[in-house]
Each structure stands twice: as C-alpha cells, then as structure tokens.
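Structure record follows, encoded as structure tokens.
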Amino acid sequence: MRTIDDFTRPLEYLSPLDDPLGMIVREWAETYVIPNRRRFDEDWKDHRLIEPAFKRLMGELGLQRVLFPEDLGGWGLGRSNYAGTSSYRLFEEVARADSGMAVAFGVVFWPLVMICMEPHVNRELCEEFAPIFCSTPEPRFAANAMTEPQGGADIENMEIVKGSTIQTTAVLDGDEWVINGHKLWPTNSGGVCNLFGVVCTTNPGSEDPNDFAFIFVPADTPGVTQGPPYEKAGMAADKNGDIWFENVRVPKHYRAHGPGLDLMYFKEVITFGNLGSIAFVGGSMMNVYERLYQFVNQETYRGKPLKEHDAVAGVLADIAKDIEIIRIVGYQYARMIDRPDLYGPRWGEEMVAKGRAYKYWACDRAMEDVGKAMNLMSLYGADRDWDVEKHWRDLKIVQLWMGGKQLCQAEVARWFFECQTL
Ligand SMILES: Cc1cc2nc3c(=O)[nH]c(=O)nc-3n(C[C@H](O)[C@H](O)[C@H](O)COP(=O)(O)OP(=O)(O)OC[C@H]3O[C@@H](n4cnc5c(N)ncnc54)[C@H](O)[C@@H]3O)c2cc1C
C-alpha cells in the first residue's frame with residue numbers, strides 16, 4: 001500500500017536526524033492529535049484538549065528547545081547546516097495532523113530566528129531567554145508581533161514601505177526601551193504567549209532602516225496586555241488576539257541587534273515564515289491524500305472502487321502530482337536556506353521573493369486540490385469525520401496570512417521583473 005512516504009524527499013541532502021525526528025513526531029501525532037483533532041474546533045478558547053498535546057511535543061519531548069545552543073540546554077539547530085530541512089520535516093509532520101498546532105509550534109522559533117541563528121547569534125539574549133524554553137517540561141510559547149490595526153502586509157513589505165507605517169514606538173530612556181503600541185493576530189497570542197518579539201519603530205513615519213527595531217518583551221512585563229483569542233474558521237490550536245503595549249519598559253539590550261541589522265535579519269524571519277507556510281500546506285495535503293486514498297478505495301460506483309473510473313483517476317493524478325511537487329519545492333527552499341554559500345544570505349531579497357513565490361504557488365495548488373478532493377467525496381467532503389473539510393478551512397488561512405497573495409505577487413514581480421515602484 002502506498003503511503004505519504006512514497007512522495008519524494010531529497011535523500012541525498014537530508015540530515016541523519018531527519019527520519020528519527022520525523023518518526024518521533026509522527027508517533028506523537030498519531031497518539032496525541034489525530035484521534036482527538038475532530039474535537040479541537042470546540043476547544044479553541046480553553047485548549048483543554050489541545051494543551052496536553054503541546055505539552056508532550058514541546059515540553060516533554062523537548063522540541064521547543066531545538067534552536068538554542070547545546071550548552072544552554074538547546075539542541076543547537078540554529079548552529080547547524082540543516083535548520084531549514086529539519087524544520088521542514090518537523091512542520092510537515094505536525095501539519096499532517098493539525099496545521100494549527102504546526103503554526104503554533106513553528107512560531108515558537110520564529111522570533112528566536114533573530115538571535116539563535118548563525119552567523120548572527122546574540123549570545124547574551126540566548127542566555128537570557130533559553131531558560132524560558134529549555135528548563136521546563138511545560139509548553140512555552142513565543143510570538144512574532146508584526147501586524148497592527150492599520151495593516152499587516154505593509155509592515156512585511158520592507159523593500160518598498162521600509163517600516164514607515166509601523167506605529168508601535170520604541171523610545172530609549174536611559175538604559176531601557178519604552179514601548180507603546182497595539183498589535184493584532186500574532187500566532188501564540190490570545191493569552192498564551194511567554195515571550196514576544198515586537199516590531200517597532202524608533203521614529204514613526206521614517207523610511208530609514210536604522211529606525212526599524214526588533215525588541216524582545218517577556219509577556220509578564222508590566223504594561224503588556226493580551227486580549228482573548230479570536231474565533232476563526234479553523235486552526236483552533238493557534239490562538240490569535242490583540243496585544244497592547246502601554247509604557248512597557250525592557251532593558252536596552254533586548255533589542256535584537258541594533259540599527260540596520262534588525263531590519264536586515266528580520267527578512268530572514270520572513271524567509272522562515274514562508275518555509276513554514278509551505279511545510280504546513282504540504283503536511284495538510286499529505287493527510288488529504290491519506291483520507292482520499294481510503295475513500296476512493298472503499299467507495300464503489302457501478303461495482304468498482306471509485307478510483308478505477310477514468311474521470312476520478314484523472315483528478316487523483318492531478319492531486320498527487322501537486323503534492324509530490326509541493327514537497328520537492330518545499331525541500332528545495334529548505335536546502336537553499338541551509339546553503340547560503342550557494343544560494344546567498346537567508347535575509348536577501350532574492351530568498352524572500354523566492355519563498356513568497358513557492359508559498360503562494362503551494363497555497364493556490366492546495367486550495368484547488370482540496371476543493372477537487374471534496375468534490376470527489378461529495379457529502380463526505382463536508383463531513384467532519386473525514387477531516388478533509390478541516391484541512392480546507394486551515395489551508396485557506398495559510399493562504400491569507402503573511403501579507404496574503406497580493407504581497408507575494410508584488411515581491412515576486414519586483415524581484416524577477418525589477419519593478420521599481422511596487
Ligand atoms: C492564523 C493567523 C496567524 C497569524 N499570525 C501572525 C503572526 O504570527 N504575526 C503577525 O504579526 N501577524 C500574524 N497574522 C496576521 C497576518 O499576517 C495578516 O493578517 C496579514 O499579513 C495581512 O495583513 P492585514 O490583515 O492587516 O491586511 P492588510 O495588510 O490591510 O491588507 C489588506 C489587503 O490588501 C492586500 N495588499 C497588501 N499590500 C498590497 C500591495 N502592495 N498591493 C496589492 N495588494 C496589497 C492584501 O493582500 C490584503 O488582501 C496572522 C493571521 C492569521 C489569520
């Protein structure tokens with residue numbers, strides 16, 4: 001019988017950790033998530049069912065520690081040359097079970113990319129924040145707070161807008177930053193965050209890259225308020241909400257790197273966001289394949305399994321072809337991230353643009369394919385017991401975040417066609 005492992009992985013360049021880690025996560029998914037996920041939608045607010053699964057994955061199995069250096073209790077992934085490929089495998093495996101859990105898990109590392117990745121490790125901040133994640137069996141969450149009420153896409157559109165629309169301000173007062181602002185939607189907000197990475201400006205309206213500041217704020221700092229989680233179409237395991245920063249004071253050295261460098265390395269955060277998004281799409285589609293495989297084998301039409309009819313087989317081929325290519329493209333991007341010696345810096349405009357291209361292509365293919373799968377499944381396509389409608393709701397969310405499709409298109413056109421004004 002064919003399985004999701006028959007879709008191609010680039011075996012010649014995977015780390016020896018890829019399979020053992022992948023199998024640990026698969027076993028976790030099959031024990032803690034897949035049997036329960038049907039009830040996760042109703043658990044969006046309280047996370048009574050969801051929390052034990054996070055605890056097992058992140059705290060007890062220790063996967064929330066992977067990016068930190070080994071001597072601080074981490075697994076040293078940030079210093080390896082397989083952070084991209086290993087992350088891709090982990091995110092794909094989690095997303096196969098639940099892409100809301102995958103994004104919540106992935107975003108734990110998202111702001112930490114700023115300080116844990118070679119060649120720009122900020123050792124002082126790693127030492128400061130490693131204990132939050134590395135010295136407990138409880139799940140701990142980080143969040144990357146970019147989006148604001150006036151718009152999220154503009155803040156990510158750094159090449160053109162250059163941070164000029166950011167309204168969250170950071171003012172230096174002696175040895176402390178004083179932060180004021182309002183953020184929306186960060187994954188792992190809605191009350192669960194332990195550590196925020198906050199996108200700020202030191203000079204509102206400025207297009208000077210030196211005025212972009214990325215500052216870490218522990219969630220229990222006075223003046224930080226997290227609102228309740230929003231109720232959204234899917235991804236119940238990811239809590240999103242408002243965060244208000246009112247005269248929040250943090251030490252001066254909580255700024256990730258300083259003028260110019262914060263903006264530069266923040267583009268690497270975007271690169272990892274796109275890698276994660278492709279892996280979430282790929283993982284969800286792996287499970288759509290598994291459920292569809294079962295359906296077209298067990299359902300019959302005119303005495304034959306559904307899959308043995310020409311018209312159905314054509315649709316199945318289209319879906320399988322796209323899943324195969326999404327995995328190949330995702331791993332290729334992961335490999336580009338792991339080999340800056342060949343493909344250029346992870347924070348380069350080229351890497352960001354290519355990540356946007358792969359992300360929006362994967363989302364478009366998946367949205368079309370999951371719709372086709374539901375058509376084949378007819379009323380079972382909408383039946384929650386078959387899980388495909390869950391992936392349909394979740395995949396749509398991946399398509400919408402990180403600036404949506406339009407920002408992806410703008411950045412891809414800008415890089416490949418050298419647009420000057422978009
Ligand atoms: C589940 C989930 C998780 C999220 N996680 C995070 C997170 O971790 N951190 C965070 O900060 N935010 C997060 N977000 C927010 C998300 O990234 C934003 O919603 C997204 O960037 C779009 O921003 P916006 O909603 O403010 O829309 P806007 O930026 O206001 O955009 C509105 C519309 O204009 C389009 N548009 C924007 N720019 C252009 C352009 N140049 N040309 C043409 N059209 C354009 C957009 O595509 C969109 O259709 C999350 C959202 C969701 C749903």
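Within each chain, counting starts at residue 1; across the structure tokens, chains are named A, B, ... in the order shown, with ligands numbered 1 upward in that order.
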Neighbouring residues of ligand 1 are defined here as those with any atom at most 7 Å from a ligand atom, counting only C-alpha atoms and all ligand atoms; list them as a PDB file with N, CA, C and O atoms, in the first residue's frame.
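After the write, result.pdb holds the following:
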ATOM      1  N   VAL A 107       5.982  28.873  15.335  1.00  0.00           N
ATOM      2  CA  VAL A 107       6.177  30.282  15.692  1.00  0.00           C
ATOM      3  C   VAL A 107       6.927  30.430  17.020  1.00  0.00           C
ATOM      4  O   VAL A 107       7.488  31.487  17.299  1.00  0.00           O
ATOM      5  N   ALA A 143       5.957  34.635  20.350  1.00  0.00           N
ATOM      6  CA  ALA A 143       5.125  35.213  19.284  1.00  0.00           C
ATOM      7  C   ALA A 143       5.903  36.314  18.586  1.00  0.00           C
ATOM      8  O   ALA A 143       6.747  36.981  19.194  1.00  0.00           O
ATOM      9  N   ASN A 144       5.594  36.473  17.312  1.00  0.00           N
ATOM     10  CA  ASN A 144       6.254  37.469  16.473  1.00  0.00           C
ATOM     11  C   ASN A 144       5.221  38.545  16.153  1.00  0.00           C
ATOM     12  O   ASN A 144       4.366  38.353  15.286  1.00  0.00           O
ATOM     13  N   ALA A 145       5.276  39.660  16.870  1.00  0.00           N
ATOM     14  CA  ALA A 145       4.213  40.672  16.780  1.00  0.00           C
ATOM     15  C   ALA A 145       4.556  41.727  15.741  1.00  0.00           C
ATOM     16  O   ALA A 145       5.278  42.688  16.017  1.00  0.00           O
ATOM     17  N   MET A 146       4.030  41.536  14.530  1.00  0.00           N
ATOM     18  CA  MET A 146       4.249  42.487  13.424  1.00  0.00           C
ATOM     19  C   MET A 146       2.974  43.261  13.130  1.00  0.00           C
ATOM     20  O   MET A 146       2.960  44.483  13.110  1.00  0.00           O
ATOM     21  N   THR A 147       1.881  42.512  12.854  1.00  0.00           N
ATOM     22  CA  THR A 147       0.662  43.108  12.303  1.00  0.00           C
ATOM     23  C   THR A 147       0.052  44.114  13.273  1.00  0.00           C
ATOM     24  O   THR A 147       0.004  43.883  14.482  1.00  0.00           O
ATOM     25  N   GLU A 148      -0.433  45.227  12.706  1.00  0.00           N
ATOM     26  CA  GLU A 148      -1.068  46.282  13.504  1.00  0.00           C
ATOM     27  C   GLU A 148      -2.435  46.601  12.903  1.00  0.00           C
ATOM     28  O   GLU A 148      -2.722  46.198  11.772  1.00  0.00           O
ATOM     29  N   PRO A 149      -3.267  47.349  13.624  1.00  0.00           N
ATOM     30  CA  PRO A 149      -4.616  47.613  13.099  1.00  0.00           C
ATOM     31  C   PRO A 149      -4.618  48.260  11.713  1.00  0.00           C
ATOM     32  O   PRO A 149      -5.508  48.007  10.914  1.00  0.00           O
ATOM     33  N   GLN A 150      -3.630  49.084  11.400  1.00  0.00           N
ATOM     34  CA  GLN A 150      -3.656  49.773  10.095  1.00  0.00           C
ATOM     35  C   GLN A 150      -3.177  48.882   8.962  1.00  0.00           C
ATOM     36  O   GLN A 150      -3.257  49.276   7.800  1.00  0.00           O
ATOM     37  N   GLY A 151      -2.655  47.660   9.248  1.00  0.00           N
ATOM     38  CA  GLY A 151      -2.267  46.764   8.160  1.00  0.00           C
ATOM     39  C   GLY A 151      -1.073  45.910   8.515  1.00  0.00           C
ATOM     40  O   GLY A 151      -0.157  46.355   9.215  1.00  0.00           O
ATOM     41  N   GLY A 152      -1.109  44.668   7.997  1.00  0.00           N
ATOM     42  CA  GLY A 152      -0.005  43.744   8.234  1.00  0.00           C
ATOM     43  C   GLY A 152       0.917  43.666   7.034  1.00  0.00           C
ATOM     44  O   GLY A 152       2.143  43.611   7.162  1.00  0.00           O
ATOM     45  N   ALA A 153       0.305  43.680   5.824  1.00  0.00           N
ATOM     46  CA  ALA A 153       1.102  43.494   4.615  1.00  0.00           C
ATOM     47  C   ALA A 153       2.147  44.603   4.474  1.00  0.00           C
ATOM     48  O   ALA A 153       3.301  44.353   4.113  1.00  0.00           O
ATOM     49  N   ASP A 154       1.769  45.834   4.799  1.00  0.00           N
ATOM     50  CA  ASP A 154       2.699  46.962   4.662  1.00  0.00           C
ATOM     51  C   ASP A 154       3.937  46.783   5.532  1.00  0.00           C
ATOM     52  O   ASP A 154       5.037  47.185   5.158  1.00  0.00           O
ATOM     53  N   LEU A 184      -1.993  43.043  16.444  1.00  0.00           N
ATOM     54  CA  LEU A 184      -3.119  42.134  16.222  1.00  0.00           C
ATOM     55  C   LEU A 184      -2.617  40.814  15.654  1.00  0.00           C
ATOM     56  O   LEU A 184      -1.647  40.811  14.901  1.00  0.00           O
ATOM     57  N   TRP A 185      -3.294  39.763  15.963  1.00  0.00           N
ATOM     58  CA  TRP A 185      -3.203  38.490  15.255  1.00  0.00           C
ATOM     59  C   TRP A 185      -1.966  37.624  15.466  1.00  0.00           C
ATOM     60  O   TRP A 185      -1.897  36.534  14.894  1.00  0.00           O
ATOM     61  N   PRO A 186      -0.930  38.026  16.204  1.00  0.00           N
ATOM     62  CA  PRO A 186       0.216  37.117  16.242  1.00  0.00           C
ATOM     63  C   PRO A 186      -0.178  35.713  16.682  1.00  0.00           C
ATOM     64  O   PRO A 186      -0.946  35.546  17.632  1.00  0.00           O
ATOM     65  N   THR A 187       0.332  34.735  15.982  1.00  0.00           N
ATOM     66  CA  THR A 187       0.217  33.348  16.436  1.00  0.00           C
ATOM     67  C   THR A 187       0.804  33.262  17.836  1.00  0.00           C
ATOM     68  O   THR A 187       1.827  33.893  18.124  1.00  0.00           O
ATOM     69  N   MET A 235      -7.833  26.168  12.509  1.00  0.00           N
ATOM     70  CA  MET A 235      -6.596  26.346  13.280  1.00  0.00           C
ATOM     71  C   MET A 235      -6.875  26.726  14.731  1.00  0.00           C
ATOM     72  O   MET A 235      -6.296  27.682  15.268  1.00  0.00           O
ATOM     73  N   ASP A 238      -4.042  27.346  17.260  1.00  0.00           N
ATOM     74  CA  ASP A 238      -3.281  28.597  17.226  1.00  0.00           C
ATOM     75  C   ASP A 238      -4.167  29.697  17.793  1.00  0.00           C
ATOM     76  O   ASP A 238      -5.212  30.006  17.222  1.00  0.00           O
ATOM     77  N   ASN A 240      -4.900  33.566  18.511  1.00  0.00           N
ATOM     78  CA  ASN A 240      -4.530  34.885  17.976  1.00  0.00           C
ATOM     79  C   ASN A 240      -5.367  35.930  18.693  1.00  0.00           C
ATOM     80  O   ASN A 240      -6.554  35.702  18.918  1.00  0.00           O
ATOM     81  N   ILE A 397      -6.441  29.619   5.542  1.00  0.00           N
ATOM     82  CA  ILE A 397      -5.795  30.576   6.453  1.00  0.00           C
ATOM     83  C   ILE A 397      -4.325  30.764   6.076  1.00  0.00           C
ATOM     84  O   ILE A 397      -3.800  31.878   6.096  1.00  0.00           O
ATOM     85  N   LEU A 400      -3.974  33.242   3.467  1.00  0.00           N
ATOM     86  CA  LEU A 400      -4.286  34.636   3.813  1.00  0.00           C
ATOM     87  C   LEU A 400      -3.184  35.339   4.592  1.00  0.00           C
ATOM     88  O   LEU A 400      -3.041  36.557   4.514  1.00  0.00           O
ATOM     89  N   TRP A 401      -2.428  34.582   5.381  1.00  0.00           N
ATOM     90  CA  TRP A 401      -1.512  35.288   6.296  1.00  0.00           C
ATOM     91  C   TRP A 401      -0.244  35.741   5.576  1.00  0.00           C
ATOM     92  O   TRP A 401      -0.053  35.504   4.392  1.00  0.00           O
ATOM     93  N   MET A 402       0.621  36.400   6.336  1.00  0.00           N
ATOM     94  CA  MET A 402       1.897  36.922   5.828  1.00  0.00           C
ATOM     95  C   MET A 402       1.709  37.801   4.585  1.00  0.00           C
ATOM     96  O   MET A 402       2.402  37.648   3.588  1.00  0.00           O
ATOM     97  N   GLY A 403       0.759  38.722   4.699  1.00  0.00           N
ATOM     98  CA  GLY A 403       0.580  39.686   3.618  1.00  0.00           C
ATOM     99  C   GLY A 403      -0.368  39.232   2.535  1.00  0.00           C
ATOM    100  O   GLY A 403      -0.677  40.006   1.624  1.00  0.00           O
ATOM    101  N   GLY A 404      -0.833  37.980   2.604  1.00  0.00           N
ATOM    102  CA  GLY A 404      -1.773  37.488   1.599  1.00  0.00           C
ATOM    103  C   GLY A 404      -1.099  37.310   0.249  1.00  0.00           C
ATOM    104  O   GLY A 404       0.093  37.557   0.072  1.00  0.00           O
ATOM    105  N   LYS A 405      -1.911  36.878  -0.708  1.00  0.00           N
ATOM    106  CA  LYS A 405      -1.359  36.568  -2.030  1.00  0.00           C
ATOM    107  C   LYS A 405      -0.793  37.812  -2.726  1.00  0.00           C
ATOM    108  O   LYS A 405       0.221  37.752  -3.427  1.00  0.00           O
ATOM    109  N   GLN A 406      -1.460  38.964  -2.503  1.00  0.00           N
ATOM    110  CA  GLN A 406      -1.053  40.163  -3.246  1.00  0.00           C
ATOM    111  C   GLN A 406       0.371  40.587  -2.911  1.00  0.00           C
ATOM    112  O   GLN A 406       1.130  40.998  -3.787  1.00  0.00           O
ATOM    113  N   LEU A 407       0.738  40.507  -1.632  1.00  0.00           N
ATOM    114  CA  LEU A 407       2.114  40.883  -1.279  1.00  0.00           C
ATOM    115  C   LEU A 407       3.101  39.896  -1.910  1.00  0.00           C
ATOM    116  O   LEU A 407       4.170  40.288  -2.397  1.00  0.00           O
ATOM    117  N   ALA A 410       3.477  40.855  -5.492  1.00  0.00           N
ATOM    118  CA  ALA A 410       4.240  42.099  -5.642  1.00  0.00           C
ATOM    119  C   ALA A 410       5.737  41.826  -5.475  1.00  0.00           C
ATOM    120  O   ALA A 410       6.568  42.318  -6.256  1.00  0.00           O
ATOM    121  N   LEU A 422       6.589  49.024  -7.104  1.00  0.00           N
ATOM    122  CA  LEU A 422       5.663  48.137  -6.383  1.00  0.00           C
ATOM    123  C   LEU A 422       6.323  47.496  -5.172  1.00  0.00           C
ATOM    124  O   LEU A 422       7.404  46.946  -5.305  1.00  0.00           O
TER     125      LEU A 422
END
Write out as a PyMOL selection string which residues come within 8 Å of segment 21-37 of chain A when counting only C-alpha atoms, dropping same-chain ones fewer than 2 positions away.
chain A and resi 17-19+39-41+49+52-53+56-57+89-90+93-94+97-98
Would you give me, as a VMD selection string, the residues in segment 157-395 of chain A that DSSP reads as strand (DSSP E or B)?
chain A and resid 169 to 173 176 to 184 195 to 201 212 to 218 224 to 226 242 to 251 255 300 to 301 304 to 305
Counting only C-alpha atoms, what are the residues of segment 79-160 of chain A within 9 Å of segment 249-272 of chain A, and for each of them which pair of atoms is the nearest and at what distance in Å, to one decimal? Sort the table by chain and rising number, as a Markdown table.
| residue | atom | partner | partner_atom | distance |
| --- | --- | --- | --- | --- |
| A:Gly84 | CA | A:Phe272 | CA | 8.0 |
| A:Trp110 | CA | A:Val269 | CA | 6.3 |
| A:Pro111 | CA | A:Val269 | CA | 7.0 |
| A:Leu112 | CA | A:Val269 | CA | 8.8 |
| A:Val113 | CA | A:Val269 | CA | 6.3 |
| A:Met114 | CA | A:Tyr265 | CA | 6.3 |
| A:Ile115 | CA | A:Ala256 | CA | 6.5 |
| A:His120 | CA | A:Tyr265 | CA | 8.3 |
| A:Asn122 | CA | A:Ala256 | CA | 7.2 |
| A:Glu124 | CA | A:His253 | CA | 8.4 |
| A:Leu125 | CA | A:Tyr254 | CA | 7.0 |
| A:Glu156 | CA | A:Ile270 | CA | 7.8 |
| A:Met158 | CA | A:Lys267 | CA | 8.2 |
So which residues touch Asn180 of chain A within 10 Å, counting only C-alpha atoms, skipping near sequence neighbours fewer than 6 positions away, as a list in words?
Gln167, Thr168, Thr169, Ala170, Val171, Cys200, Gly223, Val224, Trp244, Phe245, Glu246, Asn247, Val248 and Arg249 of chain A
Export of the given selection (C-alpha atoms) as an mmCIF file, in the first residue's frame:
data_model
loop_
_atom_site.group_PDB
_atom_site.id
_atom_site.type_symbol
_atom_site.label_atom_id
_atom_site.label_comp_id
_atom_site.auth_asym_id
_atom_site.auth_seq_id
_atom_site.Cartn_x
_atom_site.Cartn_y
_atom_site.Cartn_z
ATOM 1 C CA GLN A 167 3.013 52.669 14.676
ATOM 2 C CA THR A 168 4.369 50.740 17.648
ATOM 3 C CA THR A 169 7.055 53.020 19.042
ATOM 4 C CA ALA A 170 10.232 52.298 20.986
ATOM 5 C CA VAL A 171 11.858 55.226 22.764
ATOM 6 C CA CYS A 200 8.744 48.685 16.478
ATOM 7 C CA GLY A 223 2.145 47.237 30.662
ATOM 8 C CA VAL A 224 1.664 44.197 28.381
ATOM 9 C CA TRP A 244 -1.428 46.277 23.905
ATOM 10 C CA PHE A 245 1.937 47.659 24.970
ATOM 11 C CA GLU A 246 1.487 50.616 27.314
ATOM 12 C CA ASN A 247 4.699 52.238 28.549
ATOM 13 C CA VAL A 248 6.339 48.817 28.598
ATOM 14 C CA ARG A 249 9.932 49.040 29.818
#
Between atom CA of Ala237 of chain A and atom CA of Ala102 of chain A - distance in Å to one decimal
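Separation between atom CA of Ala102 of chain A and atom CA of Ala237 of chain A: 8.6 Å.
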How close does each residue of segment 53-143 of chain A get to segment 392-395 of chain A, giving the shortest atom pair and distance in Å to one decimal for every residue with an atom at most 10 Å away, counting only C-alpha atoms, sorted by chain and residue number, as a Markdown table?
| residue | atom | partner | partner_atom | distance |
| --- | --- | --- | --- | --- |
| A:Ala95 | CA | A:Asp394 | CA | 9.8 |
| A:Asp98 | CA | A:Asp394 | CA | 8.6 |
| A:Ser99 | CA | A:Asp394 | CA | 6.8 |
| A:Gly100 | CA | A:Asp394 | CA | 7.3 |
8 Å contact set for Phe105 of chain A, only C-alpha atoms, chain neighbours under 5 positions out, as number ranges by chain
A: 58, 64, 141
In Å, rounded to a single decimal, give me how far atom CA of Lys304 of chain A is from atom CA of Tyr289 of chain A.
20.0 Å
Out of A:Gln399, A:Asn188, A:Asn287, A:Thr165, which residue has the shortest atom-to-atom distance to Met367 of chain A when counting only C-alpha atoms?
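Closest to Met367 of chain A, using only C-alpha atoms: A:Gln399.
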For atom CA of Trp386 of chain A and atom CA of Glu51 of chain A, quote the distance in Å rounded to one decimal.
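It comes out at 23.2 Å.
Contact shell of Asp338 of chain A at 9 Å (only C-alpha atoms; same-chain neighbours under 5 positions omitted): A:Ser80, A:Asn81, A:Tyr82, A:Ala83, A:Gly84, A:Thr85, A:Tyr333, A:Tyr343, A:Arg346.
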Using only C-alpha atoms, determine which residues lie at most 8 Å from Cys363 of chain A, disregarding the query and same-chain residues fewer than 2 positions distant; provide the list as a ChimeraX atom specification.
/A:278,281,359-361,365-367,395-396,398-399
Could those selected residues go to a file with N, CA, C and O atoms, as a short mmCIF file (atom, residue, chain, number, x, y, z; two decimals), in the first residue's frame?
data_model
loop_
_atom_site.label_atom_id
_atom_site.label_comp_id
_atom_site.auth_asym_id
_atom_site.auth_seq_id
_atom_site.Cartn_x
_atom_site.Cartn_y
_atom_site.Cartn_z
N ILE A 278 4.92 26.73 3.55
CA ILE A 278 4.94 25.66 2.53
C ILE A 278 4.83 24.30 3.22
O ILE A 278 4.09 23.41 2.77
N VAL A 281 1.30 23.63 4.36
CA VAL A 281 0.48 23.24 3.21
C VAL A 281 0.79 21.78 2.83
O VAL A 281 -0.12 20.96 2.66
N LYS A 359 5.49 29.85 -1.68
CA LYS A 359 4.37 29.83 -0.72
C LYS A 359 3.04 30.06 -1.44
O LYS A 359 2.08 29.32 -1.24
N TYR A 360 2.99 31.09 -2.28
CA TYR A 360 1.66 31.36 -2.85
C TYR A 360 1.29 30.34 -3.91
O TYR A 360 0.12 29.99 -4.08
N TRP A 361 2.32 29.80 -4.58
CA TRP A 361 2.04 28.71 -5.54
C TRP A 361 1.49 27.48 -4.79
O TRP A 361 0.48 26.90 -5.20
N ARG A 365 -2.24 25.82 -5.31
CA ARG A 365 -2.43 24.43 -5.74
C ARG A 365 -3.27 23.68 -4.71
O ARG A 365 -4.17 22.92 -5.03
N ALA A 366 -2.92 23.87 -3.43
CA ALA A 366 -3.61 23.12 -2.38
C ALA A 366 -5.08 23.50 -2.30
O ALA A 366 -5.95 22.64 -2.14
N MET A 367 -5.39 24.79 -2.41
CA MET A 367 -6.79 25.21 -2.33
C MET A 367 -7.60 24.59 -3.47
O MET A 367 -8.73 24.14 -3.28
N LEU A 395 -6.12 25.39 5.35
CA LEU A 395 -5.28 25.79 4.21
C LEU A 395 -5.62 27.20 3.75
O LEU A 395 -4.74 27.97 3.35
N LYS A 396 -6.90 27.54 3.82
CA LYS A 396 -7.29 28.90 3.40
C LYS A 396 -6.59 29.94 4.27
O LYS A 396 -6.17 31.00 3.78
N VAL A 398 -3.66 29.67 5.70
CA VAL A 398 -2.24 29.81 5.30
C VAL A 398 -2.14 30.74 4.09
O VAL A 398 -1.21 31.55 3.98
N GLN A 399 -3.12 30.64 3.20
CA GLN A 399 -3.10 31.49 2.00
C GLN A 399 -3.25 32.97 2.37
O GLN A 399 -2.70 33.84 1.70
#
Name all residues at most 8 Å from segment 315-332 of chain A (count only C-alpha atoms; drop same-chain ones fewer than 5 positions away) and give them as an NGL selection string.
:A and (7-10 or 85 or 88 or 275 or 278-279 or 282 or 285-286 or 289 or 307 or 358 or 362 or 365-366 or 369 or 372-373)
I need the chosen residues saved as a short mmCIF file (atom, residue, chain, number, x, y, z; two decimals), in the first residue's frame, with N, CA and C atoms.
data_model
loop_
_atom_site.label_atom_id
_atom_site.label_comp_id
_atom_site.auth_asym_id
_atom_site.auth_seq_id
_atom_site.Cartn_x
_atom_site.Cartn_y
_atom_site.Cartn_z
N PHE A 7 5.93 9.92 -1.40
CA PHE A 7 6.22 11.21 -2.05
C PHE A 7 7.71 11.50 -1.82
N THR A 8 8.34 12.11 -2.81
CA THR A 8 9.81 12.17 -2.83
C THR A 8 10.39 13.18 -1.85
N ARG A 9 11.40 12.71 -1.12
CA ARG A 9 12.25 13.60 -0.33
C ARG A 9 13.63 13.58 -0.96
N PRO A 10 14.38 14.68 -0.87
CA PRO A 10 15.71 14.70 -1.48
C PRO A 10 16.72 13.98 -0.58
N THR A 85 16.07 22.14 6.48
CA THR A 85 15.48 20.84 6.12
C THR A 85 14.85 20.17 7.35
N TYR A 88 11.60 21.85 8.08
CA TYR A 88 10.58 21.48 7.09
C TYR A 88 9.94 20.15 7.46
N LEU A 275 8.95 29.36 4.51
CA LEU A 275 9.29 27.93 4.57
C LEU A 275 8.25 27.17 5.39
N ILE A 278 4.92 26.73 3.55
CA ILE A 278 4.94 25.66 2.53
C ILE A 278 4.83 24.30 3.22
N ALA A 279 5.55 24.14 4.34
CA ALA A 279 5.51 22.85 5.06
C ALA A 279 4.12 22.59 5.63
N GLY A 282 2.09 21.47 2.74
CA GLY A 282 2.48 20.11 2.35
C GLY A 282 1.97 19.08 3.35
N MET A 285 -1.76 18.58 3.05
CA MET A 285 -2.11 17.85 1.82
C MET A 285 -1.71 16.38 1.91
N MET A 286 -0.68 16.06 2.70
CA MET A 286 -0.34 14.64 2.91
C MET A 286 -1.53 13.92 3.55
N TYR A 289 -4.34 13.45 1.17
CA TYR A 289 -4.04 12.27 0.34
C TYR A 289 -4.44 10.98 1.08
N LYS A 307 -11.79 4.82 -7.52
CA LYS A 307 -10.51 5.16 -8.17
C LYS A 307 -10.34 4.46 -9.52
N TYR A 358 7.11 30.37 -3.86
CA TYR A 358 6.78 28.97 -3.55
C TYR A 358 5.55 28.91 -2.63
N ALA A 362 2.15 27.11 -3.70
CA ALA A 362 1.71 25.92 -2.95
C ALA A 362 0.28 26.12 -2.42
N ARG A 365 -2.24 25.82 -5.31
CA ARG A 365 -2.43 24.43 -5.74
C ARG A 365 -3.27 23.68 -4.71
N ALA A 366 -2.92 23.87 -3.43
CA ALA A 366 -3.61 23.12 -2.38
C ALA A 366 -5.08 23.50 -2.30
N ASP A 369 -6.80 21.82 -5.11
CA ASP A 369 -6.83 20.36 -4.97
C ASP A 369 -7.75 19.90 -3.85
N LYS A 372 -11.11 19.91 -5.14
CA LYS A 372 -11.37 18.75 -6.03
C LYS A 372 -11.59 17.49 -5.20
N ALA A 373 -10.79 17.34 -4.14
CA ALA A 373 -10.94 16.15 -3.28
C ALA A 373 -12.33 16.14 -2.66
#
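Using only C-alpha atoms, the nearest neighbour of Arg96 of chain A within the list A:Phe196, A:Ile4, A:Cys419, A:Met374 is A:Ile4.
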Proximity to Lys45 of chain A - best of A:Gly227, A:Gly276, A:Pro305, A:Pro340, only C-alpha atoms:
A:Gly227
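Proximity ranking of A:Cys408, A:Leu292, A:Met101, A:Ile155 relative to Lys55 of chain A places A:Met101 first, based on only C-alpha atoms.
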With distances taken over only C-alpha atoms, which of A:Gln298, A:Ser15, A:Thr225, A:Ser87 is nearest to Met377 of chain A?
A:Gln298
